[in-house]
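Quick notes on the structure that follows.
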2 protein chains.
Amino acid sequence: MAEQSSGSHGVVIGLHAAIVAVIEKQPHVLVVRRAYAPLESGAAEAHHFEGEASSESGLPFGPFDPALHRTLEIGLRSWVEDQTALRLGYVEQLYTFGDRGRYVGAPGASARVVSVGYLALTHAEERPPSTDSLWHDWYSHFPWEDWRKGEPALIGTRIAPKLAAWAGAAGTPGQQARRRDRITLCFGGDGIPWDEEKVLERYELLYEAGLVAEAARDRRLQQGKAAAKSAKASEMGAPMQFDHRRILATAMGRLRGKLKYRPVVFELMSDAFTLLELQKTVEAISGVELHKQNFRRLVEREGLVEPTGEQTARGGGRPAALFRFRREVLKERPAPGVRVRGRG
Amino acid sequence: MAEQSSGSHGVVIGLHAAIVAVIEKQPHVLVVRRAYAPLESGAAEAHHFEGEASSESGLPFGPFDPALHRTLEIGLRSWVEDQTALRLGYVEQLYTFGDRGRYVGAPGASARVVSVGYLALTHAEERPPSTDSLWHDWYSHFPWEDWRKGEPALIGTRIAPKLAAWAGAAGTPGQQARRRDRITLCFGGDGIPWDEEKVLERYELLYEAGLVAEAARDRRLQQGKAAAKSAKASEMGAPMQFDHRRILATAMGRLRGKLKYRPVVFELMSDAFTLLELQKTVEAISGVELHKQNFRRLVEREGLVEPTGEQTARGGGRPAALFRFRREVLKERPAPGVRVRGRG
DNA sequence: TCAAAAGTGTTATCCTTACACCCATGT
DNA sequence: ACATGGGTGTAAGGATAACACTTTTGA
């Protein structure tokens, strides 16, 4: 076993993809249910997770094999195609995480894993692409991130009180104040507005405060104990394997930001769409409602779309004009995008 | 030697820092002159570079040792302190590169290297922090990026013609058109304005077109040949070891972008500064001149600074009021920053 | 005729961009 | 007095955010 590494700097790189699609006005991420950890040595030694953990879902991922793939992104694409039978279009690197203890693998795990996260966008037509993978509404993992119907009740009833308690439990008054500032910055209030892009900051805060199932799980696994059944896991969103929820949080935040200055929404749309469908897609991603008319003026002014000339047929209201993405903007304006700014 | 890896997925992670400071209104990056590649196995086997390459400078870097450091960033900080005797303040991860052939190490190099790049900001007081490291004006590596005195002559005299030739040399007319579009998008012209943030895109384009010394060097080294003396290296900016210039390009672009929505400039200033010093620092980084009064109104309106009450003493003009960074903005506004937008 | 969704007009306000001009100090 | 940088007033034009109202279809 040439592996055991750790003494020097042998490291395994895990490539992870948050593959996003918007289906029926809901943002979804592709998850894989697996009972083994494919990140150990080259062969498929199907390590089994301990009890509970095996029922969690995770992002599609696999190790980077430098002998096989010329770049990280090529490696990622090949892993994803294997695991999900899905061909990726738009792909963007997010972040590389290497924290000890945040990627707790199978019990026999020897090598240290560094996670490189990617965001991929696709247009999904309802059915999950393969039997092993399925689409999850991303708000099932982040219920506090959906502000389309106003502030989620969860924040007032559970998150705010528990975070306040956590802040109060800090050692010195100075630390307490700093924790409180951080909470306000993340979740708003006190003059600070909700910033939909701070998805990662919020998740990390909840993790540190121990409000999220992964926090307790990682602590236990680090101590070599079996993962206990975590009660009320679903209340604070469905947990994911390893540090995958953190990667998903990074993806959400990045996508929400990118929408505003790059025409990436169109990667999520079909070729032809109505303006309201476009708006609902942006709203699904950014988690806030928009002002209809201002949205329309915006996409028109930026020259992001052009009419196809067709109309929608399906009943229940006046037919809408269909539009398509105007690819020429890419050559015209330096940073075209759907600038989003909450609404009243 | 348990190393030789490559067959499966044994990978060495190189942590790289682009450490930036503004000295005398010029942006600088800290470079290290080294004659060996510290990225091979744990021990210090001082591999010697082949001829020419050893005179190139590079960014401070070193391998990530998971046994020693809990996170990537901690590993980076320890490497940088060792190599430069400099303690880092603000640090931000940039990107992870893993391209085969773009990180060409010492001849005997076995393991594949994945580079994780970081941006670090510091306030330098003139003298280089250690004898092995020194400050380079970053425009010496990217002469086409300094538009403070208008469009650099280099672009018209050398870059544009050579890029045009490269575009014309593409196989099909379609490819030629796509190359031309890309050139316009990167360097502007034809209605597209100069976008100071596209530093990486421009460098990658120049690399692909073979206009930059590293392109030829990497090709040669990949074929096992010795690196030839590259004529006119300095004309297209001083090259750097490995893929370090790419990492620096990433750092420049990211910093130029971040300035606009986060108060990071202040990491580069001393505690007290005049508004013109602040403006010159922003101009140094972003490479464009700004409109004095609008700049002042901006920092004032955003509440980024507050007067110290002091005045500058040094001669040559009316004394200026001194200001300091107003830390409270961090608690007030979601995304305070020095939004920069060229000028006439 | 009513529900459902499509689509338009208008305004106050703020931000941006660009003018051009005056002030205080050292030599 | 003049060079050097410090510092201000003001106005046109555009982008934003918020109003509420009309139109076209299917059931």
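Lettering and numbering for the structure tokens are positional, with chains as A, B, ... in the shown order, residues counted from 1 in each chain, and ligands counted from 1 in the shown order.
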
Any idea what's packed within 12 Å of DA20 (chain D), counting only C-alpha atoms (C1' of nucleotides), ignoring anything in its chain fewer than 3 positions away? Could you give it as JSON, numbers by chain?
{"A": [293], "C": [8, 9, 10, 11]}

Dump as a compact mmCIF listing (two decimals), in the first residue's frame, selection limited to C-alpha atoms (C1' of nucleotides):
# COMPACT_ATOMS: atom_id res chain seq x y z
CA GLN A 293 -41.92 45.98 -14.81
C1' DT C 8 -47.70 49.54 -20.43
C1' DG C 9 -47.22 54.85 -18.54
C1' DT C 10 -45.39 57.92 -15.37
C1' DT C 11 -42.85 60.05 -11.61

Determine, counting only C-alpha atoms (C1' of nucleotides), which protein, DNA and RNA residues have an atom within 8 Å of an atom of Pro307 (chain B); residues of the same chain fewer than 5 positions away are not included. Present the result as a PyMOL selection string.
chain B and resi 321-324

With N, CA and C atoms retained, write the just-selected residues as a PDB file, in the first residue's frame.
ATOM      1  N   ALA B 321      -5.633  67.298   4.723  1.00  0.00           N
ATOM      2  CA  ALA B 321      -6.220  66.682   5.914  1.00  0.00           C
ATOM      3  C   ALA B 321      -5.957  65.183   5.878  1.00  0.00           C
ATOM      4  N   LEU B 322      -5.714  64.625   7.046  1.00  0.00           N
ATOM      5  CA  LEU B 322      -5.485  63.184   7.129  1.00  0.00           C
ATOM      6  C   LEU B 322      -6.772  62.468   7.500  1.00  0.00           C
ATOM      7  N   PHE B 323      -6.933  61.278   6.946  1.00  0.00           N
ATOM      8  CA  PHE B 323      -8.120  60.464   7.210  1.00  0.00           C
ATOM      9  C   PHE B 323      -7.707  59.078   7.668  1.00  0.00           C
ATOM     10  N   ARG B 324      -8.654  58.419   8.264  1.00  0.00           N
ATOM     11  CA  ARG B 324      -8.441  57.004   8.570  1.00  0.00           C
ATOM     12  C   ARG B 324      -9.658  56.225   8.103  1.00  0.00           C
TER      13      ARG B 324
END

Given only C-alpha atoms (C1' of nucleotides), how would the per-residue table for chain D near chain A read, listing every residue at most 6 Å away with its closest atom pair and distance in Å to one decimal, sorted by chain and number, as CSV?
residue,atom,partner,partner_atom,distance
D:DT24,C1',A:Arg318,CA,4.8
D:DT25,C1',A:Arg318,CA,4.2
D:DG26,C1',A:Gly316,CA,5.7

Residues from last step as file, N, CA and C atoms (P, O5', C5', C4', C3', O3' and C1' of nucleotides), as a CSV table (one decimal), in the first residue's frame:
chain,number,residue,atom,x,y,z
D,24,DT,P,-56.0,43.9,-26.6
D,24,DT,O5',-56.0,42.4,-26.4
D,24,DT,C5',-54.7,41.7,-26.4
D,24,DT,C4',-54.9,40.4,-25.6
D,24,DT,C3',-55.9,39.5,-26.3
D,24,DT,O3',-55.2,38.4,-26.8
D,24,DT,C1',-56.0,39.4,-23.9
D,25,DT,P,-55.9,37.5,-27.9
D,25,DT,O5',-56.6,36.4,-27.1
D,25,DT,C5',-55.9,35.2,-26.9
D,25,DT,C4',-56.2,34.6,-25.5
D,25,DT,C3',-57.3,33.6,-25.4
D,25,DT,O3',-56.8,32.3,-25.8
D,25,DT,C1',-57.1,34.9,-23.4
D,26,DG,P,-57.7,31.1,-25.9
D,26,DG,O5',-58.0,30.7,-24.3
D,26,DG,C5',-57.0,30.0,-23.6
D,26,DG,C4',-57.6,29.5,-22.3
D,26,DG,C3',-58.7,28.5,-22.6
D,26,DG,O3',-58.6,27.5,-21.6
D,26,DG,C1',-59.6,30.4,-21.4

Mind listing the helix (DSSP H, G or I) residues of region 238-274 of chain B, per DSSP on the backbone, as a ChimeraX atom specification?
/B:244-258,265-268

Pairing the C-alpha atoms in order across the whole chain, superpose chain B onto chain A by least squares and write the result as a CSV table (one decimal) with C-alpha atoms, in the first residue's frame.
chain,number,residue,atom,x,y,z
B,1,MET,CA,-0.2,-0.2,-0.7
B,2,ALA,CA,1.9,2.7,-1.8
B,3,GLU,CA,-0.7,5.0,-0.4
B,4,GLN,CA,-0.9,5.6,3.4
B,5,SER,CA,0.8,9.0,2.5
B,6,SER,CA,-0.2,11.5,5.2
B,7,GLY,CA,3.3,11.6,6.7
B,8,SER,CA,4.6,14.0,3.9
B,9,HIS,CA,2.3,15.8,1.6
B,10,GLY,CA,0.4,13.2,-0.3
B,11,VAL,CA,-3.0,14.5,-0.9
B,12,VAL,CA,-6.1,13.3,-2.7
B,13,ILE,CA,-8.1,16.0,-4.6
B,14,GLY,CA,-11.8,15.5,-4.6
B,15,LEU,CA,-13.7,17.2,-7.4
B,16,HIS,CA,-17.2,18.2,-6.5
B,17,ALA,CA,-20.0,19.5,-8.6
B,18,ALA,CA,-23.0,21.5,-7.6
B,19,ILE,CA,-25.2,21.0,-10.7
B,20,VAL,CA,-28.0,23.4,-10.7
B,21,ALA,CA,-31.3,23.5,-12.7
B,22,VAL,CA,-34.5,25.3,-12.2
B,23,ILE,CA,-37.6,23.1,-12.6
B,24,GLU,CA,-41.1,24.4,-12.2
B,25,LYS,CA,-39.8,27.7,-10.7
B,26,GLN,CA,-37.8,25.9,-8.0
B,27,PRO,CA,-34.0,25.7,-8.0
B,28,HIS,CA,-32.7,22.2,-7.8
B,29,VAL,CA,-29.3,20.6,-7.3
B,30,LEU,CA,-28.4,17.2,-8.5
B,31,VAL,CA,-27.6,14.8,-5.6
B,32,VAL,CA,-26.3,11.3,-5.6
B,33,ARG,CA,-27.2,8.7,-3.0
B,34,ARG,CA,-24.2,6.5,-2.3
B,35,ALA,CA,-23.4,4.0,0.3
B,36,TYR,CA,-19.6,4.0,-0.3
B,37,ALA,CA,-16.9,6.6,-0.5
B,38,PRO,CA,-15.2,6.6,-3.9
B,39,LEU,CA,-12.4,8.8,-2.8
B,40,GLU,CA,-10.2,6.1,-1.4
B,41,SER,CA,-7.4,4.5,-3.4
B,42,GLY,CA,-7.8,4.0,-7.1
B,43,ALA,CA,-9.7,0.7,-6.8
B,44,ALA,CA,-13.4,0.7,-5.9
B,45,GLU,CA,-13.1,-0.5,-2.3
B,46,ALA,CA,-16.6,0.4,-1.4
B,47,HIS,CA,-16.1,1.6,2.2
B,48,HIS,CA,-19.3,1.6,4.0
B,49,PHE,CA,-20.4,4.6,6.0
B,50,GLU,CA,-21.3,4.2,9.6
B,51,GLY,CA,-25.0,3.8,10.2
B,52,GLU,CA,-26.9,7.0,9.8
B,53,ALA,CA,-24.5,8.8,7.5
B,54,SER,CA,-25.2,6.5,4.6
B,55,SER,CA,-28.7,7.8,4.2
B,56,GLU,CA,-27.5,11.3,3.5
B,57,SER,CA,-27.2,12.4,0.0
B,58,GLY,CA,-24.2,14.2,-1.5
B,59,LEU,CA,-22.9,16.0,-4.6
B,60,PRO,CA,-21.5,14.0,-7.4
B,61,PHE,CA,-17.8,13.8,-7.0
B,62,GLY,CA,-14.7,11.8,-7.4
B,63,PRO,CA,-10.9,12.0,-7.1
B,64,PHE,CA,-8.7,13.9,-9.5
B,65,ASP,CA,-6.4,11.6,-11.3
B,66,PRO,CA,-3.6,13.6,-12.9
B,67,ALA,CA,-2.5,10.7,-15.0
B,68,LEU,CA,-5.8,10.6,-16.7
B,69,HIS,CA,-7.0,14.2,-17.0
B,70,ARG,CA,-5.1,17.2,-18.3
B,71,THR,CA,-7.0,19.7,-16.2
B,72,LEU,CA,-9.1,19.7,-13.1
B,73,GLU,CA,-12.2,20.6,-15.0
B,74,ILE,CA,-11.8,17.8,-17.5
B,75,GLY,CA,-11.5,15.4,-14.5
B,76,LEU,CA,-14.7,16.8,-13.1
B,77,ARG,CA,-16.6,16.4,-16.3
B,78,SER,CA,-15.6,12.8,-16.6
B,79,TRP,CA,-16.7,12.0,-13.0
B,80,VAL,CA,-20.0,13.7,-13.4
B,81,GLU,CA,-20.8,11.9,-16.6
B,82,ASP,CA,-20.0,8.6,-15.0
B,83,GLN,CA,-22.1,9.2,-12.0
B,84,THR,CA,-25.1,11.1,-13.4
B,85,ALA,CA,-25.2,10.4,-17.1
B,86,LEU,CA,-25.4,14.1,-17.6
B,87,ARG,CA,-23.2,16.2,-19.9
B,88,LEU,CA,-22.2,19.5,-18.4
B,89,GLY,CA,-22.4,22.8,-20.2
B,90,TYR,CA,-21.5,25.8,-18.2
B,91,VAL,CA,-18.9,25.0,-15.5
B,92,GLU,CA,-17.1,27.4,-13.1
B,93,GLN,CA,-14.7,26.7,-10.3
B,94,LEU,CA,-15.8,27.9,-6.9
B,95,TYR,CA,-13.3,27.3,-4.1
B,96,THR,CA,-10.9,24.8,-2.7
B,97,PHE,CA,-11.4,23.6,0.8
B,98,GLY,CA,-8.8,21.7,2.8
B,99,ASP,CA,-10.0,21.8,6.4
B,100,ARG,CA,-9.0,18.9,8.5
B,101,GLY,CA,-12.1,17.6,10.2
B,102,ARG,CA,-14.6,19.1,7.7
B,103,TYR,CA,-14.1,16.3,5.2
B,104,VAL,CA,-14.6,13.2,7.3
B,105,GLY,CA,-14.5,10.2,5.1
B,106,ALA,CA,-15.0,6.5,5.7
B,107,PRO,CA,-13.6,5.1,9.0
B,108,GLY,CA,-10.5,3.7,7.4
B,109,ALA,CA,-9.7,6.8,5.4
B,110,SER,CA,-6.0,7.5,5.3
B,111,ALA,CA,-5.2,10.2,2.9
B,112,ARG,CA,-6.2,13.8,3.5
B,113,VAL,CA,-8.8,15.1,1.1
B,114,VAL,CA,-8.8,18.5,-0.4
B,115,SER,CA,-12.1,19.5,-2.0
B,116,VAL,CA,-12.3,21.5,-5.2
B,117,GLY,CA,-15.9,22.7,-5.7
B,118,TYR,CA,-17.5,23.5,-9.0
B,119,LEU,CA,-20.8,25.1,-10.1
B,120,ALA,CA,-22.4,23.7,-13.2
B,121,LEU,CA,-25.6,25.0,-14.8
B,122,THR,CA,-28.0,23.0,-16.9
B,123,HIS,CA,-31.5,23.0,-18.2
B,124,ALA,CA,-33.3,20.0,-16.8
B,125,GLU,CA,-36.4,18.6,-18.4
B,126,GLU,CA,-38.2,17.2,-15.4
B,127,ARG,CA,-36.9,13.6,-15.2
B,128,PRO,CA,-33.7,12.9,-13.2
B,129,PRO,CA,-30.8,12.0,-15.5
B,130,SER,CA,-30.1,8.6,-14.1
B,131,THR,CA,-31.4,6.2,-11.4
B,132,ASP,CA,-28.7,6.9,-8.9
B,133,SER,CA,-29.1,10.7,-9.0
B,134,LEU,CA,-32.0,12.9,-8.4
B,135,TRP,CA,-32.9,16.6,-8.2
B,136,HIS,CA,-33.4,18.1,-4.8
B,137,ASP,CA,-35.0,21.5,-4.3
B,138,TRP,CA,-32.0,23.4,-3.0
B,139,TYR,CA,-34.1,25.2,-0.3
B,140,SER,CA,-34.7,21.8,1.3
B,141,HIS,CA,-31.0,22.1,2.3
B,142,PHE,CA,-31.2,25.8,3.0
B,143,PRO,CA,-34.8,26.7,4.1
B,144,TRP,CA,-33.6,30.0,5.5
B,145,GLU,CA,-32.5,31.2,2.1
B,146,ASP,CA,-35.9,31.4,0.4
B,147,TRP,CA,-37.2,34.9,0.9
B,148,ARG,CA,-39.6,34.9,-2.0
B,149,LYS,CA,-42.6,34.9,0.3
B,150,GLY,CA,-41.0,37.2,2.8
B,151,GLU,CA,-38.7,36.3,5.7
B,152,PRO,CA,-38.9,32.5,6.4
B,153,ALA,CA,-40.6,31.9,9.7
B,154,LEU,CA,-37.8,29.6,10.6
B,155,ILE,CA,-35.5,32.5,11.1
B,156,GLY,CA,-37.6,34.1,13.8
B,157,THR,CA,-38.7,31.0,15.5
B,158,ARG,CA,-35.5,29.0,15.7
B,159,ILE,CA,-32.4,30.6,14.1
B,160,ALA,CA,-32.5,34.0,15.7
B,161,PRO,CA,-33.0,32.7,19.3
B,162,LYS,CA,-30.4,30.0,19.1
B,163,LEU,CA,-27.8,32.4,17.5
B,164,ALA,CA,-28.5,34.9,20.2
B,165,ALA,CA,-27.9,32.2,22.8
B,166,TRP,CA,-24.7,31.3,21.1
B,167,ALA,CA,-23.5,34.9,21.0
B,168,GLY,CA,-24.3,35.2,24.7
B,169,ALA,CA,-22.3,32.1,25.5
B,170,ALA,CA,-19.0,33.6,24.3
B,171,GLY,CA,-16.2,34.1,26.8
B,172,THR,CA,-15.7,37.9,27.0
B,173,PRO,CA,-18.1,40.7,26.4
B,174,GLY,CA,-15.9,41.7,23.4
B,175,GLN,CA,-16.4,38.3,21.8
B,176,GLN,CA,-20.1,38.4,22.5
B,177,ALA,CA,-20.3,41.8,20.7
B,178,ARG,CA,-18.3,40.5,17.8
B,179,ARG,CA,-20.6,37.4,17.4
B,180,ARG,CA,-23.6,39.7,17.5
B,181,ASP,CA,-22.2,41.9,14.8
B,182,ARG,CA,-21.5,38.9,12.7
B,183,ILE,CA,-25.1,37.6,13.1
B,184,THR,CA,-26.5,40.9,12.1
B,185,LEU,CA,-24.2,41.1,9.1
B,186,CYS,CA,-25.3,37.7,8.0
B,187,PHE,CA,-29.0,37.7,8.7
B,188,GLY,CA,-29.7,41.4,8.5
B,189,GLY,CA,-31.8,43.5,10.9
B,190,ASP,CA,-30.9,46.6,12.7
B,191,GLY,CA,-30.6,48.6,9.5
B,192,ILE,CA,-28.7,45.9,7.6
B,193,PRO,CA,-30.7,44.5,4.8
B,194,TRP,CA,-30.8,40.8,3.9
B,195,ASP,CA,-28.0,40.1,1.4
B,196,GLU,CA,-29.0,37.1,-0.6
B,197,GLU,CA,-25.4,36.5,-1.7
B,198,LYS,CA,-24.0,35.7,1.8
B,199,VAL,CA,-25.1,32.1,1.6
B,200,LEU,CA,-21.8,30.7,2.6
B,201,GLU,CA,-21.2,33.2,5.4
B,202,ARG,CA,-24.6,32.2,6.9
B,203,TYR,CA,-24.0,28.5,6.6
B,204,GLU,CA,-20.5,28.8,8.2
B,205,LEU,CA,-22.0,30.8,11.0
B,206,LEU,CA,-24.7,28.2,11.6
B,207,TYR,CA,-22.0,25.5,11.5
B,208,GLU,CA,-19.9,27.3,14.1
B,209,ALA,CA,-22.8,27.8,16.3
B,210,GLY,CA,-23.6,24.2,16.1
B,211,LEU,CA,-27.1,24.7,14.6
B,212,VAL,CA,-26.5,22.5,11.6
B,213,ALA,CA,-26.4,18.7,11.7
B,214,GLU,CA,-23.0,18.5,10.1
B,215,ALA,CA,-21.3,20.4,13.0
B,216,ALA,CA,-22.2,17.7,15.6
B,217,ARG,CA,-21.5,14.9,13.1
B,218,ASP,CA,-18.0,16.2,12.3
B,219,ARG,CA,-17.2,16.6,16.0
B,220,ARG,CA,-18.2,13.0,16.7
B,221,LEU,CA,-16.5,11.5,13.7
B,222,GLN,CA,-13.3,13.4,14.5
B,223,GLN,CA,-13.4,11.7,17.9
B,224,GLY,CA,-13.8,8.4,16.3
B,225,LYS,CA,-17.3,7.9,17.6
B,226,ALA,CA,-20.2,6.7,15.4
B,227,ALA,CA,-22.5,9.3,14.1
B,228,ALA,CA,-25.6,9.6,16.2
B,229,LYS,CA,-29.0,10.1,14.8
B,230,SER,CA,-29.4,13.8,14.7
B,231,ALA,CA,-32.8,14.9,15.9
B,232,LYS,CA,-34.6,17.6,14.0
B,233,ALA,CA,-32.0,17.4,11.2
B,234,SER,CA,-34.6,18.5,8.7
B,235,GLU,CA,-35.6,21.6,10.7
B,236,MET,CA,-32.4,23.3,9.8
B,237,GLY,CA,-32.3,21.9,6.3
B,238,ALA,CA,-31.4,18.4,5.2
B,239,PRO,CA,-27.7,17.7,5.9
B,240,MET,CA,-25.3,16.3,3.2
B,241,GLN,CA,-22.3,14.1,3.2
B,242,PHE,CA,-18.9,15.4,4.0
B,243,ASP,CA,-18.6,19.1,3.4
B,244,HIS,CA,-21.0,19.1,0.5
B,245,ARG,CA,-23.5,21.5,2.0
B,246,ARG,CA,-20.7,24.0,2.4
B,247,ILE,CA,-19.9,23.5,-1.3
B,248,LEU,CA,-23.5,23.9,-2.2
B,249,ALA,CA,-23.7,27.1,-0.1
B,250,THR,CA,-20.7,28.4,-2.0
B,251,ALA,CA,-22.4,27.6,-5.3
B,252,MET,CA,-25.6,29.3,-4.3
B,253,GLY,CA,-23.9,32.5,-3.2
B,254,ARG,CA,-21.7,32.6,-6.3
B,255,LEU,CA,-24.6,32.0,-8.6
B,256,ARG,CA,-26.7,34.7,-7.0
B,257,GLY,CA,-23.9,37.1,-7.4
B,258,LYS,CA,-23.0,36.2,-10.9
B,259,LEU,CA,-26.5,36.6,-12.2
B,260,LYS,CA,-26.1,40.3,-11.7
B,261,TYR,CA,-23.2,40.9,-14.0
B,262,ARG,CA,-23.1,37.9,-16.4
B,263,PRO,CA,-25.8,36.5,-18.5
B,264,VAL,CA,-25.7,33.1,-16.8
B,265,VAL,CA,-29.5,32.7,-16.2
B,266,PHE,CA,-29.8,31.7,-19.8
B,267,GLU,CA,-27.9,28.5,-19.1
B,268,LEU,CA,-30.9,27.5,-17.1
B,269,MET,CA,-33.6,28.4,-19.6
B,270,SER,CA,-34.8,26.6,-22.7
B,271,ASP,CA,-34.1,28.1,-26.0
B,272,ALA,CA,-37.4,30.1,-26.0
B,273,PHE,CA,-39.0,31.4,-22.9
B,274,THR,CA,-41.4,34.1,-21.8
B,275,LEU,CA,-40.2,37.1,-19.8
B,276,LEU,CA,-42.1,35.9,-16.7
B,277,GLU,CA,-40.4,32.5,-16.9
B,278,LEU,CA,-37.1,34.3,-17.0
B,279,GLN,CA,-38.1,36.4,-14.1
B,280,LYS,CA,-39.3,33.5,-12.1
B,281,THR,CA,-36.0,31.7,-12.7
B,282,VAL,CA,-34.0,34.6,-11.5
B,283,GLU,CA,-36.3,34.8,-8.4
B,284,ALA,CA,-35.8,31.1,-7.8
B,285,ILE,CA,-32.1,31.4,-7.7
B,286,SER,CA,-31.7,34.7,-5.8
B,287,GLY,CA,-34.5,33.8,-3.4
B,288,VAL,CA,-36.2,37.2,-3.5
B,289,GLU,CA,-39.1,38.6,-5.5
B,290,LEU,CA,-38.6,41.1,-8.2
B,291,HIS,CA,-40.6,44.0,-9.6
B,292,LYS,CA,-42.1,42.8,-12.8
B,293,GLN,CA,-41.9,45.9,-14.9
B,294,ASN,CA,-38.5,47.0,-13.8
B,295,PHE,CA,-37.3,43.5,-14.5
B,296,ARG,CA,-38.6,43.8,-18.1
B,297,ARG,CA,-37.2,47.2,-18.6
B,298,LEU,CA,-33.8,45.9,-17.4
B,299,VAL,CA,-33.5,42.9,-19.7
B,300,GLU,CA,-34.8,45.1,-22.6
B,301,ARG,CA,-32.4,47.9,-22.0
B,302,GLU,CA,-29.4,45.6,-21.6
B,303,GLY,CA,-30.4,43.9,-24.9
B,304,LEU,CA,-30.3,40.5,-23.2
B,305,VAL,CA,-33.2,39.0,-25.2
B,306,GLU,CA,-34.9,39.3,-28.5
B,307,PRO,CA,-38.4,38.2,-29.5
B,308,THR,CA,-38.7,35.0,-31.4
B,309,GLY,CA,-42.0,36.1,-32.9
B,310,GLU,CA,-43.8,33.1,-31.4
B,311,GLN,CA,-46.3,33.1,-28.7
B,312,THR,CA,-47.1,30.6,-25.9
B,313,ALA,CA,-50.2,28.5,-26.5
B,314,ARG,CA,-51.0,27.0,-23.1
B,315,GLY,CA,-54.1,28.2,-21.4
B,316,GLY,CA,-54.8,30.1,-18.3
B,317,GLY,CA,-54.3,33.7,-19.3
B,318,ARG,CA,-53.2,35.8,-22.2
B,319,PRO,CA,-50.6,34.2,-24.4
B,320,ALA,CA,-47.1,35.6,-23.9
B,321,ALA,CA,-44.5,36.5,-26.4
B,322,LEU,CA,-41.5,34.2,-26.5
B,323,PHE,CA,-37.9,35.4,-26.3
B,324,ARG,CA,-34.5,34.0,-26.8
B,325,PHE,CA,-31.1,35.0,-25.5
B,326,ARG,CA,-29.4,37.5,-27.6
B,327,ARG,CA,-25.9,36.1,-27.9
B,328,GLU,CA,-24.6,39.3,-29.4
B,329,VAL,CA,-24.6,41.0,-26.1
B,330,LEU,CA,-21.5,39.1,-25.3
B,331,LYS,CA,-19.7,41.0,-27.9
B,332,GLU,CA,-21.4,44.4,-27.1
B,333,ARG,CA,-21.3,45.0,-23.4
B,334,PRO,CA,-18.5,44.2,-21.0
B,335,ALA,CA,-20.7,42.8,-18.2
B,336,PRO,CA,-24.2,42.1,-19.1
B,337,GLY,CA,-26.3,40.5,-16.5
B,338,VAL,CA,-29.6,40.6,-14.6
B,339,ARG,CA,-28.9,43.0,-11.8
B,340,VAL,CA,-31.2,42.0,-9.0
B,341,ARG,CA,-32.1,44.2,-6.1
B,342,GLY,CA,-34.9,42.9,-3.9
B,343,ARG,CA,-38.2,44.8,-4.0
B,344,GLY,CA,-40.9,46.0,-1.8

Considering only strand (DSSP E) as DSSP defines it on the backbone, what residues of region 44-263 of chain A qualify? List them as a PyMOL selection string.
chain A and resi 57-58+61-63+90-97+112-121+133-137

Within 8 Å of chain B, which residues of chain C show up when using only C-alpha atoms (C1' of nucleotides), listed as number ranges by chain?
C: 24-26

Residue subset to file, keeping N, CA and C atoms (P, O5', C5', C4', C3', O3' and C1' of nucleotides), as a short mmCIF file (atom, residue, chain, number, x, y, z; two decimals), in the first residue's frame:
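Result file is selection-v4.cif:
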data_model
loop_
_atom_site.label_atom_id
_atom_site.label_comp_id
_atom_site.auth_asym_id
_atom_site.auth_seq_id
_atom_site.Cartn_x
_atom_site.Cartn_y
_atom_site.Cartn_z
P DA C 24 -7.69 79.44 2.58
"O5'" DA C 24 -6.24 78.82 2.72
"C5'" DA C 24 -6.11 77.52 3.27
"C4'" DA C 24 -4.73 77.02 2.95
"C3'" DA C 24 -3.59 77.80 3.60
"O3'" DA C 24 -2.93 76.87 4.43
"C1'" DA C 24 -3.14 77.31 1.32
P DT C 25 -1.99 77.35 5.58
"O5'" DT C 25 -0.54 77.14 4.98
"C5'" DT C 25 -0.08 75.82 4.75
"C4'" DT C 25 0.93 75.79 3.65
"C3'" DT C 25 2.24 76.51 3.91
"O3'" DT C 25 3.15 75.59 4.47
"C1'" DT C 25 1.56 76.53 1.62
P DG C 26 4.63 76.06 4.83
"O5'" DG C 26 5.40 75.84 3.45
"C5'" DG C 26 5.75 74.51 3.05
"C4'" DG C 26 6.67 74.58 1.84
"C3'" DG C 26 8.03 75.22 2.11
"O3'" DG C 26 9.01 74.53 1.34
"C1'" DG C 26 6.87 76.47 0.46
#

Need to verify the contact set: DT13 (chain C), 12 Å, only C-alpha atoms (C1' of nucleotides), exclusion of same-chain residues closer than 4 positions in sequence. Can you return it as a PyMOL selection string?
chain D and resi 15-18

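Residues lying within 10 Å of DC23 (chain C), counting only C-alpha atoms (C1' of nucleotides) and ignoring same-chain neighbours fewer than 4 positions away, are B:Arg318, D:DG6, D:DG7, D:DT8.
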
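Between C1' of DT17 (chain C) and C1' of DG5 (chain D) there is a distance of 23.1 Å.
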
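Straight-line separation from C1' of DC21 (chain C) to C1' of DA12 (chain D): 18.6 Å.
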